[in-house]
file entry.tsv (TSV, C-alpha atoms and all ligand atoms)
chain	number	residue	atom	x	y	z
A	1	MET	CA	0.00	0.00	0.00
A	2	LYS	CA	2.80	2.30	1.00
A	3	CYS	CA	4.58	1.53	-2.25
A	4	VAL	CA	1.50	2.35	-4.39
A	5	LYS	CA	1.07	5.65	-2.62
A	6	LYS	CA	4.68	6.56	-3.22
A	7	SER	CA	4.63	5.76	-6.94
A	8	ARG	CA	1.34	7.66	-7.36
A	9	HIS	CA	2.96	10.70	-5.78
A	10	LEU	CA	5.97	10.39	-8.07
A	11	TYR	CA	3.73	10.05	-11.09
A	12	LEU	CA	1.81	13.23	-10.35
A	13	GLY	CA	4.82	15.32	-9.41
A	14	PRO	CA	4.61	19.04	-8.70
A	15	PRO	CA	1.80	20.95	-10.47
A	16	GLU	CA	3.97	22.40	-13.22
A	17	PHE	CA	4.92	18.89	-14.41
A	18	ILE	CA	1.48	17.32	-14.66
A	19	LEU	CA	0.98	18.29	-18.30
A	20	THR	CA	1.51	15.01	-20.12
A	21	LEU	CA	2.57	14.60	-23.71
A	22	MET	CA	-1.07	14.03	-24.64
A	23	ASN	CA	-2.06	17.30	-22.94
A	24	LEU	CA	0.70	19.14	-24.78
A	25	LYS	CA	-0.50	17.81	-28.10
A	26	GLU	CA	-4.05	18.91	-27.35
A	27	ILE	CA	-3.21	22.53	-26.51
A	28	PRO	CA	-4.63	24.61	-29.40
A	29	LYS	CA	-1.54	26.10	-31.05
A	30	VAL	CA	-0.43	28.79	-33.45
A	31	GLU	CA	2.63	28.38	-35.66
A	32	LEU	CA	3.90	31.70	-37.02
A	33	HIS	CA	7.36	30.66	-38.21
A	34	ARG	CA	7.65	27.52	-40.34
A	35	HIS	CA	9.52	27.14	-43.63
A	36	LEU	CA	7.49	24.97	-45.99
A	37	GLU	CA	10.50	23.74	-47.97
A	38	LEU	CA	12.09	22.34	-44.80
A	39	SER	CA	8.90	20.87	-43.34
A	40	VAL	CA	8.49	17.90	-45.65
A	41	ARG	CA	7.08	14.70	-44.15
A	42	HIS	CA	9.95	12.18	-43.78
A	43	SER	CA	8.10	9.33	-45.50
A	44	THR	CA	7.57	11.64	-48.49
A	45	LEU	CA	11.25	12.61	-48.60
A	46	ARG	CA	12.22	8.92	-48.58
A	47	GLU	CA	9.75	8.24	-51.36
A	48	LEU	CA	10.92	11.13	-53.56
A	49	ALA	CA	14.66	10.85	-52.91
A	50	PRO	CA	15.61	8.00	-55.32
A	51	ALA	CA	13.92	9.70	-58.30
A	52	GLY	CA	15.78	12.89	-57.33
A	53	GLY	CA	19.10	11.05	-57.55
A	54	ILE	CA	19.54	10.52	-53.79
A	55	PRO	CA	19.40	6.84	-52.86
A	56	VAL	CA	18.32	6.25	-49.25
A	57	PRO	CA	19.15	2.62	-48.45
A	58	ASN	CA	18.78	2.98	-44.67
A	59	ASP	CA	17.97	5.32	-41.75
A	60	GLN	CA	21.58	6.36	-41.31
A	61	VAL	CA	21.91	7.60	-44.88
A	62	PHE	CA	18.56	9.37	-44.60
A	63	ALA	CA	19.74	11.19	-41.47
A	64	GLU	CA	23.08	12.08	-43.07
A	65	ARG	CA	21.45	13.52	-46.18
A	66	PHE	CA	18.34	15.18	-44.76
A	67	LEU	CA	18.48	15.80	-41.00
A	68	ILE	CA	20.22	18.26	-38.69
A	69	THR	CA	20.02	17.01	-35.11
A	70	GLU	CA	23.28	18.25	-33.58
A	71	PRO	CA	24.60	21.83	-33.28
A	72	MET	CA	26.03	22.99	-36.57
A	73	VAL	CA	29.80	23.16	-36.83
A	74	ASN	CA	30.20	22.74	-40.56
A	75	LEU	CA	28.01	25.22	-42.40
A	76	GLY	CA	28.82	23.67	-45.78
A	77	ALA	CA	27.38	20.34	-44.68
A	78	VAL	CA	24.25	22.08	-43.41
A	79	LEU	CA	23.73	23.91	-46.68
A	80	ASN	CA	24.00	20.62	-48.55
A	81	LYS	CA	21.18	19.19	-46.46
A	82	PHE	CA	18.96	22.16	-47.36
A	83	LEU	CA	19.85	21.69	-51.00
A	84	ASP	CA	19.17	17.94	-50.95
A	85	THR	CA	15.60	18.62	-49.81
A	86	GLN	CA	15.23	21.45	-52.29
A	87	LYS	CA	16.33	19.18	-55.18
A	88	LEU	CA	13.24	17.03	-54.63
A	89	LEU	CA	10.70	19.86	-54.98
A	90	GLY	CA	10.75	20.01	-58.78
A	91	SER	CA	7.11	19.72	-59.82
A	92	SER	CA	3.72	21.30	-59.15
A	93	GLU	CA	2.39	17.92	-58.00
A	94	ILE	CA	5.12	17.56	-55.39
A	95	LEU	CA	4.69	21.12	-54.12
A	96	GLU	CA	0.93	20.65	-53.79
A	97	ARG	CA	1.47	17.35	-51.98
A	98	ILE	CA	4.03	18.59	-49.44
A	99	THR	CA	1.84	21.60	-48.61
A	100	TYR	CA	-1.24	19.43	-48.16
A	101	GLU	CA	0.70	17.05	-45.91
A	102	ALA	CA	2.26	19.89	-43.89
A	103	CYS	CA	-1.19	21.34	-43.12
A	104	TRP	CA	-2.77	17.95	-42.41
A	105	ASP	CA	0.05	16.90	-40.04
A	106	ALA	CA	0.08	20.29	-38.30
A	107	TYR	CA	-3.55	19.85	-37.29
A	108	HIS	CA	-3.65	16.13	-36.56
A	109	ILE	CA	-0.20	15.57	-35.03
A	110	GLU	CA	0.53	18.93	-33.39
A	111	GLY	CA	-2.83	20.50	-32.59
A	112	ILE	CA	-2.13	23.61	-34.68
A	113	ARG	CA	-5.23	25.70	-35.46
A	114	LEU	CA	-3.58	28.71	-37.13
A	115	LEU	CA	-0.64	27.90	-39.40
A	116	GLU	CA	1.55	30.34	-41.26
A	117	LEU	CA	3.84	28.71	-43.81
A	118	ARG	CA	6.59	30.67	-45.50
A	119	TYR	CA	8.67	29.91	-48.55
A	120	ALA	CA	11.19	31.62	-50.82
A	121	PRO	CA	10.13	31.43	-54.50
A	122	THR	CA	13.79	31.97	-55.49
A	123	PHE	CA	14.91	28.99	-53.36
A	124	VAL	CA	12.19	26.63	-54.60
A	125	ARG	CA	12.85	27.58	-58.22
A	126	GLN	CA	16.63	27.11	-57.97
A	127	GLY	CA	17.45	24.10	-60.17
A	128	HIS	CA	13.82	23.89	-61.29
A	129	GLU	CA	13.74	26.74	-63.81
A	130	HIS	CA	10.92	25.06	-65.75
A	131	LEU	CA	8.64	26.26	-62.92
A	132	SER	CA	7.58	29.91	-62.76
A	133	PHE	CA	7.02	31.68	-59.44
A	134	GLN	CA	3.32	31.62	-60.29
A	135	GLN	CA	3.23	27.87	-60.94
A	136	ILE	CA	5.05	27.25	-57.66
A	137	HIS	CA	2.65	29.47	-55.74
A	138	ASP	CA	-0.50	28.10	-57.37
A	139	ALA	CA	0.55	24.54	-56.46
A	140	ILE	CA	1.19	25.52	-52.83
A	141	VAL	CA	-2.16	27.33	-52.62
A	142	ARG	CA	-3.92	24.23	-54.02
A	143	GLY	CA	-2.25	22.04	-51.38
A	144	ALA	CA	-3.28	24.33	-48.53
A	145	ARG	CA	-6.86	24.63	-49.80
A	146	ARG	CA	-7.22	20.87	-50.22
A	147	ALA	CA	-6.09	20.34	-46.61
A	148	GLN	CA	-8.53	23.00	-45.41
A	149	THR	CA	-11.45	21.10	-46.95
A	150	GLU	CA	-10.53	18.23	-44.61
A	151	VAL	CA	-9.29	19.84	-41.40
A	152	PRO	CA	-10.42	22.98	-39.51
A	153	ILE	CA	-7.17	24.91	-39.76
A	154	ALA	CA	-6.52	28.49	-40.94
A	155	VAL	CA	-3.49	28.72	-43.23
A	156	GLY	CA	-1.57	31.85	-44.27
A	157	LEU	CA	1.33	31.95	-46.74
A	158	ILE	CA	4.30	34.29	-46.35
A	159	CYS	CA	6.59	35.16	-49.26
A	160	ILE	CA	10.33	35.28	-48.48
A	161	ILE	CA	12.93	37.57	-50.00
A	162	GLN	CA	16.46	36.12	-49.72
A	163	ARG	CA	18.70	38.97	-48.59
A	164	ILE	CA	21.81	37.27	-50.06
A	165	LEU	CA	20.48	37.60	-53.62
A	166	PRO	CA	20.86	40.73	-55.78
A	167	VAL	CA	18.46	43.56	-54.95
A	168	LYS	CA	16.94	43.21	-58.45
A	169	GLU	CA	15.68	39.74	-57.42
A	170	ALA	CA	14.18	41.21	-54.25
A	171	GLU	CA	12.24	43.70	-56.33
A	172	ALA	CA	10.83	40.93	-58.53
A	173	VAL	CA	9.85	38.82	-55.50
A	174	THR	CA	8.17	41.84	-53.86
A	175	GLN	CA	6.13	42.48	-56.99
A	176	PHE	CA	5.21	38.80	-57.15
A	177	ALA	CA	3.99	38.89	-53.54
A	178	ILE	CA	1.95	42.04	-54.19
A	179	ASP	CA	0.46	40.57	-57.38
A	180	ASN	CA	-0.67	37.59	-55.29
A	181	ARG	CA	-1.96	39.68	-52.40
A	182	SER	CA	-5.14	37.60	-52.15
A	183	THR	CA	-3.18	34.41	-51.36
A	184	PHE	CA	-0.16	35.76	-49.45
A	185	VAL	CA	-0.59	37.24	-45.97
A	186	GLY	CA	2.93	38.61	-45.49
A	187	LEU	CA	6.44	39.34	-46.69
A	188	ASP	CA	9.66	38.22	-44.96
A	189	LEU	CA	13.39	38.83	-45.36
A	190	ALA	CA	15.61	35.81	-44.63
A	191	ASP	CA	19.21	34.52	-44.71
A	192	ASN	CA	22.34	35.65	-42.92
A	193	GLU	CA	22.26	39.27	-41.72
A	194	GLU	CA	26.01	39.81	-41.44
A	195	GLY	CA	27.14	41.84	-44.44
A	196	PHE	CA	23.58	42.14	-45.79
A	197	ASP	CA	22.16	45.36	-44.42
A	198	SER	CA	18.37	45.76	-44.17
A	199	LYS	CA	18.22	49.32	-45.48
A	200	PRO	CA	18.40	48.62	-49.26
A	201	PHE	CA	15.23	46.54	-48.89
A	202	ALA	CA	13.23	49.33	-47.23
A	203	PRO	CA	11.38	50.52	-50.39
A	204	PHE	CA	10.18	46.99	-51.14
A	205	PHE	CA	8.83	46.46	-47.65
A	206	GLN	CA	7.11	49.85	-47.71
A	207	ARG	CA	5.38	48.90	-50.97
A	208	ALA	CA	4.34	45.53	-49.56
A	209	ALA	CA	2.93	47.10	-46.38
A	210	THR	CA	1.01	49.67	-48.45
A	211	ALA	CA	-0.46	46.77	-50.44
A	212	GLY	CA	-1.70	45.28	-47.16
A	213	LEU	CA	0.88	42.54	-46.55
A	214	GLY	CA	2.11	41.86	-43.01
A	215	ILE	CA	5.82	42.41	-42.42
A	216	THR	CA	8.07	39.97	-40.59
A	217	VAL	CA	11.87	39.92	-40.79
A	218	HIS	CA	14.48	37.31	-39.81
A	219	SER	CA	16.71	39.30	-37.48
A	220	GLY	CA	18.75	39.09	-34.28
A	221	GLU	CA	19.18	35.34	-34.66
A	222	ALA	CA	22.93	34.68	-34.74
A	223	ASN	CA	25.07	35.66	-31.78
A	224	LEU	CA	26.71	38.63	-33.54
A	225	PRO	CA	27.88	41.81	-31.78
A	226	LYS	CA	25.36	43.96	-33.69
A	227	ALA	CA	22.46	41.49	-33.52
A	228	PRO	CA	20.18	43.59	-31.23
A	229	ARG	CA	20.84	46.66	-33.43
A	230	TYR	CA	19.79	44.66	-36.53
A	231	VAL	CA	16.42	44.04	-34.86
A	232	LYS	CA	15.90	47.78	-34.33
A	233	ASP	CA	16.81	48.39	-37.99
A	234	ALA	CA	14.26	45.79	-39.12
A	235	ILE	CA	11.58	47.65	-37.15
A	236	ASP	CA	12.67	51.17	-38.12
A	237	TYR	CA	13.57	50.68	-41.79
A	238	LEU	CA	11.47	47.70	-42.88
A	239	GLY	CA	8.42	48.32	-40.68
A	240	ALA	CA	8.52	44.83	-39.15
A	241	THR	CA	5.72	44.17	-36.66
A	242	ARG	CA	7.11	40.68	-36.12
A	243	ILE	CA	10.70	39.48	-35.90
A	244	GLY	CA	11.80	35.98	-36.90
A	245	HIS	CA	13.89	34.94	-33.87
A	246	GLY	CA	15.07	38.26	-32.37
A	247	VAL	CA	16.49	36.06	-29.65
A	248	GLN	CA	19.64	38.15	-29.18
A	249	ILE	CA	17.80	41.28	-27.96
A	250	TYR	CA	18.04	39.97	-24.40
A	251	ARG	CA	21.67	41.18	-24.49
A	252	ASP	CA	20.58	44.83	-24.90
A	253	PRO	CA	18.04	46.13	-22.33
A	254	GLU	CA	17.44	49.32	-24.34
A	255	ILE	CA	16.46	47.44	-27.49
A	256	MET	CA	14.41	44.99	-25.44
A	257	SER	CA	12.43	47.97	-24.09
A	258	TYR	CA	12.08	49.35	-27.61
A	259	VAL	CA	10.69	46.05	-28.96
A	260	LYS	CA	8.29	45.87	-26.00
A	261	ALA	CA	7.13	49.48	-26.36
A	262	ARG	CA	6.46	49.02	-30.09
A	263	GLY	CA	4.41	45.86	-29.39
A	264	VAL	CA	6.59	43.85	-31.79
A	265	THR	CA	6.10	40.07	-31.59
A	266	LEU	CA	9.08	37.70	-31.50
A	267	GLU	CA	8.80	34.38	-33.36
A	268	LEU	CA	11.09	32.30	-31.13
A	269	CYS	CA	12.33	28.83	-32.10
A	270	LEU	CA	14.16	26.90	-29.34
A	271	THR	CA	15.64	23.89	-31.11
A	272	SER	CA	16.58	25.96	-34.15
A	273	ASN	CA	18.43	28.45	-31.94
A	274	TRP	CA	20.33	25.63	-30.27
A	275	LEU	CA	21.22	23.91	-33.55
A	276	THR	CA	22.56	27.14	-35.04
A	277	GLN	CA	24.27	27.92	-31.71
A	278	ALA	CA	22.39	31.19	-31.34
A	279	VAL	CA	22.12	29.88	-27.77
A	280	THR	CA	24.59	27.32	-26.40
A	281	GLN	CA	21.98	25.11	-24.73
A	282	ILE	CA	18.20	24.91	-24.45
A	283	GLN	CA	18.35	25.72	-20.72
A	284	ASP	CA	19.97	29.08	-21.59
A	285	HIS	CA	17.29	30.16	-24.07
A	286	PRO	CA	15.97	33.59	-23.01
A	287	LEU	CA	12.33	32.94	-24.00
A	288	ARG	CA	11.08	33.00	-20.40
A	289	ARG	CA	13.19	36.03	-19.56
A	290	LEU	CA	11.81	37.93	-22.57
A	291	MET	CA	8.24	36.86	-21.79
A	292	GLU	CA	8.52	37.96	-18.15
A	293	ALA	CA	9.99	41.29	-19.27
A	294	GLY	CA	6.75	41.90	-21.20
A	295	VAL	CA	8.04	41.25	-24.74
A	296	ARG	CA	5.42	39.55	-26.92
A	297	THR	CA	6.88	36.04	-27.23
A	298	THR	CA	5.61	33.13	-29.33
A	299	ILE	CA	6.74	29.49	-29.74
A	300	ASN	CA	7.63	28.19	-33.20
A	301	SER	CA	9.47	25.35	-34.95
A	302	ASP	CA	11.26	27.01	-37.94
A	303	ASP	CA	12.33	23.91	-39.96
A	304	PRO	CA	10.64	20.92	-38.28
A	305	GLY	CA	11.29	18.41	-41.10
A	306	ILE	CA	15.03	18.90	-41.29
A	307	PHE	CA	15.40	19.35	-37.51
A	308	ASN	CA	13.42	16.14	-36.85
A	309	ILE	CA	11.07	17.91	-34.42
A	310	ASP	CA	7.53	19.24	-34.28
A	311	LEU	CA	5.83	21.95	-32.23
A	312	VAL	CA	4.81	19.49	-29.48
A	313	HIS	CA	8.52	18.73	-29.02
A	314	GLU	CA	9.23	22.45	-28.51
A	315	TYR	CA	6.48	22.60	-25.86
A	316	GLU	CA	8.05	19.59	-24.13
A	317	LEU	CA	11.38	21.43	-23.99
A	318	LEU	CA	9.74	24.51	-22.49
A	319	GLN	CA	7.92	22.39	-19.92
A	320	LYS	CA	10.99	20.38	-18.99
A	321	HIS	CA	13.69	23.04	-19.01
A	322	HIS	CA	11.74	26.26	-18.41
A	323	HIS	CA	8.82	24.94	-16.30
A	324	PHE	CA	6.13	26.34	-18.58
A	325	THR	CA	2.57	26.01	-17.30
A	326	LEU	CA	-0.60	25.57	-19.33
A	327	ALA	CA	-1.51	29.22	-18.68
A	328	GLU	CA	1.86	30.33	-20.07
A	329	PHE	CA	1.46	28.20	-23.20
A	330	ASP	CA	-2.05	29.65	-23.68
A	331	ARG	CA	-0.73	33.19	-23.22
A	332	CYS	CA	1.99	32.71	-25.88
A	333	ASN	CA	-0.58	31.19	-28.24
A	334	ASP	CA	-3.06	34.04	-27.74
A	335	LEU	CA	-0.28	36.54	-28.50
A	336	ALA	CA	0.62	34.54	-31.61
A	337	ALA	CA	-3.00	34.37	-32.73
A	338	GLU	CA	-3.32	38.14	-32.36
A	339	ALA	CA	-0.08	38.74	-34.27
A	340	SER	CA	-0.92	36.30	-37.08
A	341	PHE	CA	-1.31	37.95	-40.48
A	342	ILE	CA	-4.26	35.68	-41.35
A	343	PRO	CA	-7.47	37.78	-41.74
A	344	PHE	CA	-9.15	38.37	-38.37
A	345	ALA	CA	-12.47	36.64	-39.11
A	346	GLU	CA	-10.68	33.50	-40.31
A	347	LYS	CA	-8.44	33.47	-37.25
A	348	GLN	CA	-11.35	33.87	-34.86
A	349	LYS	CA	-13.33	31.13	-36.61
A	350	ASN	CA	-10.52	28.65	-35.90
A	351	TRP	CA	-9.38	29.89	-32.48
A	352	PRO	CA	-11.07	28.70	-29.26
A	353	ARG	CA	-10.81	31.99	-27.30
A	354	PRO	CA	-11.88	35.55	-28.13
A	355	LEU	CA	-9.12	37.45	-29.93
A	356	ARG	CA	-8.15	41.08	-29.62
A	357	LYS	CA	-7.65	43.05	-32.83
A	358	VAL	CA	-4.10	44.48	-32.90
B	401	ZN	ZN	13.27	30.92	-40.26

call {"tool": "encode", "arguments": {"input": "entry.tsv", "output": "structure tokens"}}
result
Amino acid sequence: MKCVKKSRHLYLGPPEFILTLMNLKEIPKVELHRHLELSVRHSTLRELAPAGGIPVPNDQVFAERFLITEPMVNLGAVLNKFLDTQKLLGSSEILERITYEACWDAYHIEGIRLLELRYAPTFVRQGHEHLSFQQIHDAIVRGARRAQTEVPIAVGLICIIQRILPVKEAEAVTQFAIDNRSTFVGLDLADNEEGFDSKPFAPFFQRAATAGLGITVHSGEANLPKAPRYVKDAIDYLGATRIGHGVQIYRDPEIMSYVKARGVTLELCLTSNWLTQAVTQIQDHPLRRLMEAGVRTTINSDDPGIFNIDLVHEYELLQKHHHFTLAEFDRCNDLAAEASFIPFAEKQKNWPRPLRKV
């Protein structure tokens, strides 16, 4: 009897640990920061790989070619993994399929109710020049719509400009996003910030905002001396209301206050930040510190396919290493739902609690 009592006590644990994996899965979630190209279902990658010239005889080869599960030390090897996945995305049928599967899995496996997927037309098209930006986009839209006929999930697509490409390309991508205003909800700027200043992109982001697109910018991710300053530039010059990562602002109290005062939302991604060594270990991630300082913080997965994670896994990390409670998860999700660029009525239809218009 004594023994049963003891094990029961151990099972329940202190209140902050009683959220089980099943509970975590069932929390209604918002995903604001997920790259479609790097969110491909593993069984689909295995199926497509041989025809794309990448034989996958066993799990080890699959992991070597397609997964990043340890902190990155060799950037060249990482880039190759991105490119291996990208090589397989060479037809409208495949793009429609991976989008459909990403939406379906997000709802059924992760409990996501509002899903923003982003992609870079220039990245998808690389090596697949027979596809136009429009054909790529139309296929992705078809995949998302097909999933939405089957699952109650709101989906918004974000168009990415790659900052490492010539400015002329950025102009073409901006125009493409504006021309497809009815099926894109936002515009993003991605890739390494060092040596690629935000300011030359300012006119494009102004045009996109005027056309009604939401503005989010990858910034303050890598542990660079000027990282917090880059975040301020993204807000001041590009009009970002959301920042992809922004994790490094915790190092600069002034910029942290600025982000808070402007009501800018951070799209934080724990595992991604650890794998890129933006933070040295999950325990050191400043998400809780930023949240408690009043910065609008949200929980996201970035590249779940290639990182071999999903959003439930990120919640587990926050519960285990940062003692997140259900109320704290709900708070981050409500902030994310408010900050989502998906039209308000569609968000509210799919969200279980009343939302504030921001
Ligand atoms: Zn990202």

call {"tool": "residues_around", "arguments": {"input": "entry.tsv", "residues": "Ala240 in chain A", "least_positions_apart": "4", "cutoff": "9 Å", "atoms": "all atoms listed in the file", "output": "VMD selection string"}}
result
chain A and resid 188 205 214 to 217 234 to 236 264

call {"tool": "atom_distance", "arguments": {"input": "entry.tsv", "atom1": "CA of Glu338 in chain A", "atom2": "CA of Gly212 in chain A"}}
result
16.5 Å

call {"tool": "closest_residue", "arguments": {"input": "entry.tsv", "among": "A:Leu117, A:Ala336, A:Ile243, A:Leu83", "to": "Thr99 in chain A", "atoms": "only C-alpha atoms"}}
result
A:Leu117

call {"tool": "residues_near_ligand", "arguments": {"input": "entry.tsv", "ligand": "ligand ZN 401 (chain B)", "cutoff": "10 Å", "atoms": "only C-alpha atoms and all ligand atoms", "output": "PDB file with C-alpha atoms, in the coordinates of the input"}}
result
ATOM      1  CA  LEU A  32       3.900  31.700 -37.020  1.00  0.00           C
ATOM      2  CA  HIS A  33       7.360  30.660 -38.210  1.00  0.00           C
ATOM      3  CA  ARG A  34       7.650  27.520 -40.340  1.00  0.00           C
ATOM      4  CA  HIS A  35       9.520  27.140 -43.630  1.00  0.00           C
ATOM      5  CA  LEU A  38      12.090  22.340 -44.800  1.00  0.00           C
ATOM      6  CA  ARG A 118       6.590  30.670 -45.500  1.00  0.00           C
ATOM      7  CA  TYR A 119       8.670  29.910 -48.550  1.00  0.00           C
ATOM      8  CA  ILE A 160      10.330  35.280 -48.480  1.00  0.00           C
ATOM      9  CA  ASP A 188       9.660  38.220 -44.960  1.00  0.00           C
ATOM     10  CA  LEU A 189      13.390  38.830 -45.360  1.00  0.00           C
ATOM     11  CA  ALA A 190      15.610  35.810 -44.630  1.00  0.00           C
ATOM     12  CA  ASP A 191      19.210  34.520 -44.710  1.00  0.00           C
ATOM     13  CA  VAL A 217      11.870  39.920 -40.790  1.00  0.00           C
ATOM     14  CA  HIS A 218      14.480  37.310 -39.810  1.00  0.00           C
ATOM     15  CA  SER A 219      16.710  39.300 -37.480  1.00  0.00           C
ATOM     16  CA  GLU A 221      19.180  35.340 -34.660  1.00  0.00           C
ATOM     17  CA  ILE A 243      10.700  39.480 -35.900  1.00  0.00           C
ATOM     18  CA  GLY A 244      11.800  35.980 -36.900  1.00  0.00           C
ATOM     19  CA  HIS A 245      13.890  34.940 -33.870  1.00  0.00           C
ATOM     20  CA  GLU A 267       8.800  34.380 -33.360  1.00  0.00           C
ATOM     21  CA  LEU A 268      11.090  32.300 -31.130  1.00  0.00           C
ATOM     22  CA  CYS A 269      12.330  28.830 -32.100  1.00  0.00           C
ATOM     23  CA  SER A 272      16.580  25.960 -34.150  1.00  0.00           C
ATOM     24  CA  ASN A 300       7.630  28.190 -33.200  1.00  0.00           C
ATOM     25  CA  SER A 301       9.470  25.350 -34.950  1.00  0.00           C
ATOM     26  CA  ASP A 302      11.260  27.010 -37.940  1.00  0.00           C
ATOM     27  CA  ASP A 303      12.330  23.910 -39.960  1.00  0.00           C
TER      28      ASP A 303
END

call {"tool": "residues_near_point", "arguments": {"input": "entry.tsv", "point": "(6.4, 40.4, -55.1)", "cutoff": "10 Å", "atoms": "only C-alpha atoms", "output": "PyMOL selection string"}}
result
chain A and resi 121+133+159-161+169-181+184+187+204-205+207-208

call {"tool": "residues_around", "arguments": {"input": "entry.tsv", "residues": "Pro152 in chain A", "least_positions_apart": "2", "cutoff": "10 Å", "atoms": "all atoms listed in the file", "output": "MDAnalysis selection string"}}
result
chainID A and resid 104 107 112:114 147:150 154:155 349:351

call {"tool": "residues_around", "arguments": {"input": "entry.tsv", "residues": "Thr325 in chain A", "least_positions_apart": "2", "cutoff": "12 Å", "atoms": "all atoms listed in the file", "output": "JSON, numbers by chain"}}
result
{"A": [14, 15, 16, 17, 18, 19, 20, 23, 24, 27, 288, 315, 316, 317, 318, 319, 320, 321, 322, 323, 327, 328, 329, 330, 331, 332]}

call {"tool": "closest_residue", "arguments": {"input": "entry.tsv", "among": "A:Val185, A:Ile309, A:Leu36, A:Ile282", "to": "Ala339 in chain A", "atoms": "all atoms listed in the file"}}
result
A:Val185

call {"tool": "closest_residue", "arguments": {"input": "entry.tsv", "among": "A:Trp274, A:Phe201, A:Tyr100, A:Tyr237", "to": "Pro71 in chain A", "atoms": "only C-alpha atoms"}}
result
A:Trp274

call {"tool": "closest_residue", "arguments": {"input": "entry.tsv", "among": "A:Ala106, A:Leu266, A:Leu238, A:Val56", "to": "Ser340 in chain A", "atoms": "only C-alpha atoms"}}
result
A:Leu266

call {"tool": "closest_residue", "arguments": {"input": "entry.tsv", "among": "A:Gln348, A:Ser92, A:Gln162, A:Thr85", "to": "His137 in chain A", "atoms": "all atoms listed in the file"}}
result
A:Ser92

call {"tool": "build_atoms", "arguments": {"input": "entry.tsv", "residues": "range 153-164 of chain A", "atoms": "N, CA, C and O atoms", "output": "short mmCIF file (atom, residue, chain, number, x, y, z; two decimals), in the frame of the given file"}}
result
data_model
loop_
_atom_site.label_atom_id
_atom_site.label_comp_id
_atom_site.auth_asym_id
_atom_site.auth_seq_id
_atom_site.Cartn_x
_atom_site.Cartn_y
_atom_site.Cartn_z
N ILE A 153 -8.41 24.19 -40.05
CA ILE A 153 -7.17 24.91 -39.76
C ILE A 153 -7.13 26.15 -40.67
O ILE A 153 -7.53 26.07 -41.84
N ALA A 154 -6.70 27.28 -40.12
CA ALA A 154 -6.52 28.49 -40.94
C ALA A 154 -5.06 28.50 -41.40
O ALA A 154 -4.16 28.27 -40.59
N VAL A 155 -4.85 28.75 -42.69
CA VAL A 155 -3.49 28.72 -43.23
C VAL A 155 -3.19 30.05 -43.91
O VAL A 155 -4.00 30.55 -44.70
N GLY A 156 -2.02 30.63 -43.60
CA GLY A 156 -1.57 31.85 -44.27
C GLY A 156 -0.20 31.62 -44.87
O GLY A 156 0.65 30.96 -44.25
N LEU A 157 0.03 32.12 -46.07
CA LEU A 157 1.33 31.95 -46.74
C LEU A 157 2.12 33.25 -46.71
O LEU A 157 1.57 34.34 -46.96
N ILE A 158 3.41 33.13 -46.39
CA ILE A 158 4.30 34.29 -46.35
C ILE A 158 5.37 34.11 -47.42
O ILE A 158 5.95 33.03 -47.57
N CYS A 159 5.60 35.17 -48.18
CA CYS A 159 6.59 35.16 -49.26
C CYS A 159 7.94 35.65 -48.71
O CYS A 159 7.99 36.68 -48.03
N ILE A 160 8.99 34.92 -49.01
CA ILE A 160 10.33 35.28 -48.48
C ILE A 160 11.22 35.88 -49.56
O ILE A 160 11.37 35.32 -50.65
N ILE A 161 11.85 37.00 -49.20
CA ILE A 161 12.93 37.57 -50.00
C ILE A 161 14.24 37.07 -49.39
O ILE A 161 14.43 37.16 -48.17
N GLN A 162 15.14 36.55 -50.22
CA GLN A 162 16.46 36.12 -49.72
C GLN A 162 17.41 37.31 -49.79
O GLN A 162 17.71 37.81 -50.87
N ARG A 163 17.89 37.75 -48.62
CA ARG A 163 18.70 38.97 -48.59
C ARG A 163 20.07 38.77 -49.25
O ARG A 163 20.73 39.75 -49.59
N ILE A 164 20.49 37.52 -49.46
CA ILE A 164 21.81 37.27 -50.06
C ILE A 164 21.77 37.38 -51.58
O ILE A 164 22.81 37.37 -52.22
#
